Structure formats: C-alpha cells, structure tokens
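Undergrad: Take this structure first; my questions come after.
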Amino acid sequence: MSTIIGRKIRQLRLVQKKKLKDLSESTGLSISYLSKLERENFTVSSNALKKIAGALDVSVEYFYEGPSIVRSYDRVIGYVEEEMLSVENLTTTMGDNVMAAVIVNLLPGNAKKAKSPHSHIGEEIAYVLEGTLTVLLNDIEYELYPGDCLYFPSEHSHLWINKTNKMVRFLNVCNAPKKWDSYRQNLAVLLEDNAE
C-alpha cells in the first residue's frame with residue numbers, strides 16, 4: 001500500500017507543479033525522505049501523511065487505495081518536440097499499471113520528423129478521434145479516419161504518422177511494460193525533468 005501512496009503523492013505534486021523542495025518546505029520533511037517515499041516501498045507515518053495531505057490540499061483518505069481517476073484538468077501532458085507530438089496521460093502512473101491509456105496528438109508535419117518504427121511487449125489499440133492517422137505496421141501503411149479502430153500485437157513494428165496539414169488525435173491503449181523504446185520513455189524523462 002505504501003508504494004501506491006508514494007505514487008499518489010508524486011502524481012499530485014507533479015499536477016500541482018510543485019518540486020520536492022516546495023513540498024519539503026511546506027511539510028518540514030526532508031527532500032530525501034519525500035523522494036524515498038515517492039519512489040520506494042517505504043512506510044509513511046500517519047503524522048507525515050497528514051502534513052503531506054495538508055501541503056497538497058487533499059484529505060488523508062485521498063492516498064488510500066481506490067479507483068484511479070484522472071480528471072481532464074489534471075492530465076499530465078508530455079511533449080516530444082523532436083517527433084512533433086504530445087501525449088496526454090490518462091492513467092495515474094507510468095510504472096506499475098497493467099494498462100496504459102494516452103491521447104496522442106500528432107502535429108502537422110510529423111511525417112517529416114517521424115522516427116523509425118518501434119515495438120514492445122503486449123497488445124495495442126488505436127482509436128482515431130480527429131484527423132487522418134497513417135500507421136506504418138510491419139512496413140505496410142494503413143490510413144485510419146475518425147471513428148476507426150486498430151488492434152494489433154505490439155510486437156509488430158509500428159509508427160504513428162501525420163501526413164496531413166491538420167492535427168491528428170487518437171486514443172492509444174496498450175499493455176504497460178515498465179520500459180518502452182519510444183514514447184513512454186520520452187514521457188517518463190519529461191516527467192522526471194518536471195519533478196526536480
């Protein structure tokens with residue numbers, strides 16, 4: 001349970017755009033203690049949890065297990081400038097979830113910047129919300145339009161491309177391995193940069 005509490009503290013801190021230093025100053029707890037609490041299976045005292053809850057303006061009950069809700073206004077958004085895309089995280093954590101759900105926004109001109117196809121363990125679904133999505137799947141191009149849905153084993157090499165002059169938005173749901181070769185590692189790096 002303490003791992004879940006640590007993840008919730010970290011997520012809430014990031015959403016509120018607070019650094020560990022900010023949380024340390026408002027709780028009187030050391031930065032190293034807070035960092036260990038967020039990242040490891042580390043037991044938190046009820047007194048410390050009350051201080052953290054107060055500093056983050058939530059009740060202590062917020063940190064205990066329950067359904068995971070990410071409000072539209074609380075989404076963590078990562079930008080991968082070199083690929084001309086942004087990723088809106090719809091799940092609360094990046095590391096331990098069995099599933100990951102994101103909305104991917106491909107900017108016009110992404111086709112010129114698209115990297116090489118990637119693959120990873122699991123299964124994947126892409127549901128197009130807006131625009132024309134080109135998917136390179138095992139070296140075959142598929143065009144998907146709003147309302148189209150694609151399912152495939154993630155082990156197949158794949159690449160998301162926007163060949164149009166308009167934004168492309170799609171929902172991407174897949175198994176959430178701890179490490180990916182592309183988007184999730186980039187997003188994790190962006191989240192780490194914002195944490196410090």
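Ordered as shown in the structure tokens, chains take letters A, B, and onward, while each chain numbers its residues from 1 and ligands are numbered from 1 in the order shown.
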Going by DSSP on the backbone, which residues of region 50-122 of chain A come out as helix (DSSP H, G or I)? List them as a count of residues only.
TA: 20
Undergrad: If we count only C-alpha atoms, what is near Ile125 (chain A) at a cut-off of 10 Å, once residues fewer than 3 positions away on the same chain are taken out, given as a ChimeraX atom specification?
TA: /A:101,128,149-154,170-175
Undergrad: Taking N, CA and C atoms for each residue, export the selection above as a PDB file, in the first residue's frame.
TA:
ATOM      1  N   ALA A 101      -3.118   4.187 -21.002  1.00  0.00           N
ATOM      2  CA  ALA A 101      -4.005   4.870 -21.943  1.00  0.00           C
ATOM      3  C   ALA A 101      -3.522   6.303 -22.093  1.00  0.00           C
ATOM      4  N   VAL A 128      -9.066   6.496 -33.549  1.00  0.00           N
ATOM      5  CA  VAL A 128      -8.861   7.842 -34.079  1.00  0.00           C
ATOM      6  C   VAL A 128     -10.002   8.758 -33.648  1.00  0.00           C
ATOM      7  N   CYS A 149     -10.812   2.064 -35.648  1.00  0.00           N
ATOM      8  CA  CYS A 149     -10.081   1.460 -34.530  1.00  0.00           C
ATOM      9  C   CYS A 149      -9.160   0.377 -35.065  1.00  0.00           C
ATOM     10  N   LEU A 150      -7.941   0.362 -34.583  1.00  0.00           N
ATOM     11  CA  LEU A 150      -6.944  -0.626 -34.996  1.00  0.00           C
ATOM     12  C   LEU A 150      -6.491  -1.396 -33.767  1.00  0.00           C
ATOM     13  N   TYR A 151      -6.495  -2.733 -33.872  1.00  0.00           N
ATOM     14  CA  TYR A 151      -5.945  -3.592 -32.815  1.00  0.00           C
ATOM     15  C   TYR A 151      -4.801  -4.386 -33.430  1.00  0.00           C
ATOM     16  N   PHE A 152      -3.697  -4.548 -32.675  1.00  0.00           N
ATOM     17  CA  PHE A 152      -2.585  -5.354 -33.166  1.00  0.00           C
ATOM     18  C   PHE A 152      -1.687  -5.757 -31.999  1.00  0.00           C
ATOM     19  N   PRO A 153      -0.957  -6.872 -32.147  1.00  0.00           N
ATOM     20  CA  PRO A 153       0.062  -7.226 -31.147  1.00  0.00           C
ATOM     21  C   PRO A 153       1.184  -6.194 -31.209  1.00  0.00           C
ATOM     22  N   SER A 154       1.572  -5.665 -30.063  1.00  0.00           N
ATOM     23  CA  SER A 154       2.569  -4.586 -30.020  1.00  0.00           C
ATOM     24  C   SER A 154       3.961  -5.032 -30.452  1.00  0.00           C
ATOM     25  N   PHE A 170      -5.517  10.684 -31.402  1.00  0.00           N
ATOM     26  CA  PHE A 170      -6.053   9.336 -31.252  1.00  0.00           C
ATOM     27  C   PHE A 170      -5.813   8.819 -29.842  1.00  0.00           C
ATOM     28  N   LEU A 171      -6.717   7.943 -29.425  1.00  0.00           N
ATOM     29  CA  LEU A 171      -6.612   7.268 -28.141  1.00  0.00           C
ATOM     30  C   LEU A 171      -5.768   6.029 -28.356  1.00  0.00           C
ATOM     31  N   ASN A 172      -4.765   5.844 -27.520  1.00  0.00           N
ATOM     32  CA  ASN A 172      -3.895   4.676 -27.609  1.00  0.00           C
ATOM     33  C   ASN A 172      -3.947   3.944 -26.273  1.00  0.00           C
ATOM     34  N   VAL A 173      -4.354   2.675 -26.313  1.00  0.00           N
ATOM     35  CA  VAL A 173      -4.432   1.848 -25.106  1.00  0.00           C
ATOM     36  C   VAL A 173      -3.601   0.604 -25.358  1.00  0.00           C
ATOM     37  N   CYS A 174      -2.771   0.257 -24.388  1.00  0.00           N
ATOM     38  CA  CYS A 174      -1.930  -0.924 -24.563  1.00  0.00           C
ATOM     39  C   CYS A 174      -1.484  -1.458 -23.212  1.00  0.00           C
ATOM     40  N   ASN A 175      -0.870  -2.642 -23.249  1.00  0.00           N
ATOM     41  CA  ASN A 175      -0.238  -3.166 -22.059  1.00  0.00           C
ATOM     42  C   ASN A 175       0.864  -2.201 -21.669  1.00  0.00           C
TER      43      ASN A 175
END
Undergrad: May I have the residues within 8 Å of Glu143 (chain A) as a list of chain:residue names, using only C-alpha atoms and disregarding those fewer than 6 positions away in the same chain?
TA: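 My reading of the contact set: A:Thr132, A:Leu133, A:Thr134, A:Val135.
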Undergrad: Keeping C-alpha atoms, export the residues of the selection given above as an mmCIF file, in the first residue's frame.
TA:
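Saved as out_27.cif:
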data_model
loop_
_atom_site.group_PDB
_atom_site.id
_atom_site.type_symbol
_atom_site.label_atom_id
_atom_site.label_comp_id
_atom_site.auth_asym_id
_atom_site.auth_seq_id
_atom_site.Cartn_x
_atom_site.Cartn_y
_atom_site.Cartn_z
ATOM 1 C CA THR A 132 -6.278 11.090 -40.681
ATOM 2 C CA LEU A 133 -3.785 8.819 -38.925
ATOM 3 C CA THR A 134 -1.278 6.903 -41.019
ATOM 4 C CA VAL A 135 0.065 3.824 -39.271
#
Undergrad: Can you pull out every residue within 9 Å of region 17-28 of chain A, counting only C-alpha atoms, but drop anything in the same chain fewer than 4 positions away, and send it as a PyMOL selection string?
TA: chain A and resi 10+12-13+32-35+48+51-52+54-56+194-196
Undergrad: Within 6 Å of Leu85 (chain A), counting only C-alpha atoms, which residues show up once you throw out same-chain ones fewer than 2 positions away? Write them as a list in words, please.
TA: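 Residues meeting the cut-off are Val80, Glu83, Asn105, Leu106 and Leu107 of chain A.
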Undergrad: Write out as a list in words all residues of region 129-171 of chain A that backbone DSSP assigns to strand (DSSP E or B).
TA: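 DSSP on the backbone gives strand (DSSP E or B) at Leu129, Glu130, Leu133, Thr134, Val135, Leu136, Leu137, Ile140, Glu141, Tyr142, Glu143, Leu144, Cys149, Leu150, Tyr151, Phe152, Pro153, His158, Leu159, Trp160, Ile161, Val168, Arg169, Phe170 and Leu171 of chain A.
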Undergrad: I need the chosen residues saved as a PDB file, in the first residue's frame, with C-alpha atoms.
TA:
ATOM      1  CA  LEU A 129     -10.584  10.871 -32.566  1.00  0.00           C
ATOM      2  CA  GLU A 130      -9.676  13.527 -35.138  1.00  0.00           C
ATOM      3  CA  LEU A 133      -3.785   8.819 -38.925  1.00  0.00           C
ATOM      4  CA  THR A 134      -1.278   6.903 -41.019  1.00  0.00           C
ATOM      5  CA  VAL A 135       0.065   3.824 -39.271  1.00  0.00           C
ATOM      6  CA  LEU A 136       3.151   2.036 -40.528  1.00  0.00           C
ATOM      7  CA  LEU A 137       2.607  -1.527 -39.282  1.00  0.00           C
ATOM      8  CA  ILE A 140       2.594  -1.665 -44.525  1.00  0.00           C
ATOM      9  CA  GLU A 141       0.838   1.723 -44.396  1.00  0.00           C
ATOM     10  CA  TYR A 142      -2.756   1.951 -43.175  1.00  0.00           C
ATOM     11  CA  GLU A 143      -4.869   5.107 -43.168  1.00  0.00           C
ATOM     12  CA  LEU A 144      -7.341   5.466 -40.304  1.00  0.00           C
ATOM     13  CA  CYS A 149     -10.081   1.460 -34.530  1.00  0.00           C
ATOM     14  CA  LEU A 150      -6.944  -0.626 -34.996  1.00  0.00           C
ATOM     15  CA  TYR A 151      -5.945  -3.592 -32.815  1.00  0.00           C
ATOM     16  CA  PHE A 152      -2.585  -5.354 -33.166  1.00  0.00           C
ATOM     17  CA  PRO A 153       0.062  -7.226 -31.147  1.00  0.00           C
ATOM     18  CA  HIS A 158       4.705   0.284 -35.698  1.00  0.00           C
ATOM     19  CA  LEU A 159       4.920   4.025 -36.191  1.00  0.00           C
ATOM     20  CA  TRP A 160       2.279   6.759 -35.922  1.00  0.00           C
ATOM     21  CA  ILE A 161       2.424   9.370 -38.723  1.00  0.00           C
ATOM     22  CA  VAL A 168      -4.315  14.140 -35.650  1.00  0.00           C
ATOM     23  CA  ARG A 169      -5.617  12.940 -32.265  1.00  0.00           C
ATOM     24  CA  PHE A 170      -6.053   9.336 -31.252  1.00  0.00           C
ATOM     25  CA  LEU A 171      -6.612   7.268 -28.141  1.00  0.00           C
TER      26      LEU A 171
END
Undergrad: Measure the distance from CA of Leu14 (chain A) to CA of Arg75 (chain A) in Å and round it to one decimal.
TA: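 Distance between the two atoms: 10.1 Å.
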Undergrad: Got a sec: who's within 12 Å of Tyr73 (chain A), counting only C-alpha atoms, leaving out chain neighbours fewer than 4 positions off, as an MDAnalysis selection string?
TA: chainID A and resid 15:16 69 77 88:90
Undergrad: For the selection just defined, write its residues with C-alpha atoms to a file, as an mmCIF file, in the first residue's frame.
TA:
data_model
loop_
_atom_site.group_PDB
_atom_site.id
_atom_site.type_symbol
_atom_site.label_atom_id
_atom_site.label_comp_id
_atom_site.auth_asym_id
_atom_site.auth_seq_id
_atom_site.Cartn_x
_atom_site.Cartn_y
_atom_site.Cartn_z
ATOM 1 C CA VAL A 15 -0.009 18.009 -11.232
ATOM 2 C CA GLN A 16 0.308 20.936 -8.829
ATOM 3 C CA ILE A 69 -9.462 8.866 -11.672
ATOM 4 C CA ILE A 77 0.971 16.175 -20.772
ATOM 5 C CA GLU A 88 -1.869 13.233 -22.625
ATOM 6 C CA ASN A 89 -1.587 10.619 -19.899
ATOM 7 C CA LEU A 90 -4.992 9.157 -18.987
#
Undergrad: Return the single residue from A:Ile103, A:Ala111, A:Gly147, A:Val58 that is closest to Val76 (chain A), with distances computed using only C-alpha atoms.
TA: A:Ile103
Undergrad: Determine the nearest neighbour of Asp148 (chain A) from the options A:Ala126, A:Asp74, A:Phe63, A:Lys166, counting only C-alpha atoms.
TA: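 Of A:Ala126, A:Asp74, A:Phe63, A:Lys166, the one nearest Asp148 (chain A), counting only C-alpha atoms, is A:Ala126.
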Undergrad: Would you mind reading off the distance between CA of Pro108 (chain A) and CA of Glu81 (chain A), one decimal, in Å?
TA: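 Interatomic distance here is 12.5 Å.
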Undergrad: For CA of Gly6 (chain A) and CA of Glu124 (chain A), quote the distance in Å rounded to one decimal.
TA: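 If I compute the distance from CA of Gly6 (chain A) to CA of Glu124 (chain A), I get 28.3 Å.
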